[in-house]
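Student: The structure follows.
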Amino acid sequence: MITSRQSRAARALLGWTQETLADRARVSLTALKRLESESGLEVYESTRDEVRRAFEDGGIVFLNSDQGVGVMLVNRKRRS
């Protein structure tokens with residue numbers, strides 16, 4: 001499950017605004033703001049899935065371990 005901190009960090013790595021992410025994920029800006037809120041607001045799982053997919057399409061990898069969570073931007077260019 002994507003956390004609010006992971007979403008904000010991934011956006012920062014990609015240089016995306018909330019508006020850009022909402023457009024790419026095909027979710028409302030209000031839903032995205034709820035997801036990124038530190039208040040623990042309820043968010044549909046489908047919204048989280050759409051946001052995660054948009055990030056992954058942009059090159060973000062989500063990291064989850066017993067030591068914590070994070071994000072990483074990967075270079076998807078392949079060598080010929």
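Simple scheme: letters A, B, ... for chains in structure tokens order, numbers from 1 for residues in each chain, numbers from 1 for ligands in the order shown.
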Could you list, as a PyMOL selection string, every residue within 10 Å of range 52-68 of chain A, counting only C-alpha atoms and ignoring same-chain residues fewer than 3 positions away?

Tutor: chain A and resi 1-3+6-7+10-11+13-14+21-26+46-49+71-76

Student: Any chance you could list, as a PyMOL selection string, the residues in chain A that come up helix (DSSP H, G or I) when DSSP is run on the backbone?

Tutor: chain A and resi 4-14+18-25+29-36+45-57

Student: Do you have the CA of Leu41 in chain A-CA of Ala12 in chain A distance handy?

Tutor: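 About the pair CA of Leu41 in chain A and CA of Ala12 in chain A: they are 21.4 Å apart.
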
Student: Please, what distance in Å, to one decimal, runs between CA of Ser28 in chain A and CA of Val69 in chain A?

Tutor: 25.2 Å

Student: To one decimal place, how far is CA of Glu38 in chain A from CA of Gly15 in chain A in Å?

Tutor: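 Computing it gives 20.5 Å between the two atoms.
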
Student: Set the distance at 8 Å and use only C-alpha atoms: which residues neighbour Arg5 in chain A once local chain neighbours fewer than 3 positions away are removed? I'd like the list as an NGL selection string.

Tutor: :A and (8-9 or 36)

Student: Report as a ChimeraX atom specification: the residues of chain A with a DSSP assignment of strand (DSSP E or B), based on the backbone of this structure.

Tutor: /A:60-65,68-73

Student: Could the residues in this selection be saved with C-alpha atoms as an mmCIF file, in the first residue's frame?

Tutor:
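Saved as result32.cif:
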data_model
loop_
_atom_site.group_PDB
_atom_site.id
_atom_site.type_symbol
_atom_site.label_atom_id
_atom_site.label_comp_id
_atom_site.auth_asym_id
_atom_site.auth_seq_id
_atom_site.Cartn_x
_atom_site.Cartn_y
_atom_site.Cartn_z
ATOM 1 C CA ILE A 60 9.200 4.940 -9.513
ATOM 2 C CA VAL A 61 9.846 1.785 -7.511
ATOM 3 C CA PHE A 62 8.230 1.516 -4.075
ATOM 4 C CA LEU A 63 10.400 0.127 -1.295
ATOM 5 C CA ASN A 64 8.893 -1.622 1.727
ATOM 6 C CA SER A 65 10.886 -3.560 4.289
ATOM 7 C CA GLY A 68 10.951 1.244 6.622
ATOM 8 C CA VAL A 69 9.388 2.458 3.394
ATOM 9 C CA GLY A 70 10.648 4.630 0.583
ATOM 10 C CA VAL A 71 10.760 5.277 -3.139
ATOM 11 C CA MET A 72 13.412 5.101 -5.818
ATOM 12 C CA LEU A 73 13.515 6.535 -9.331
#
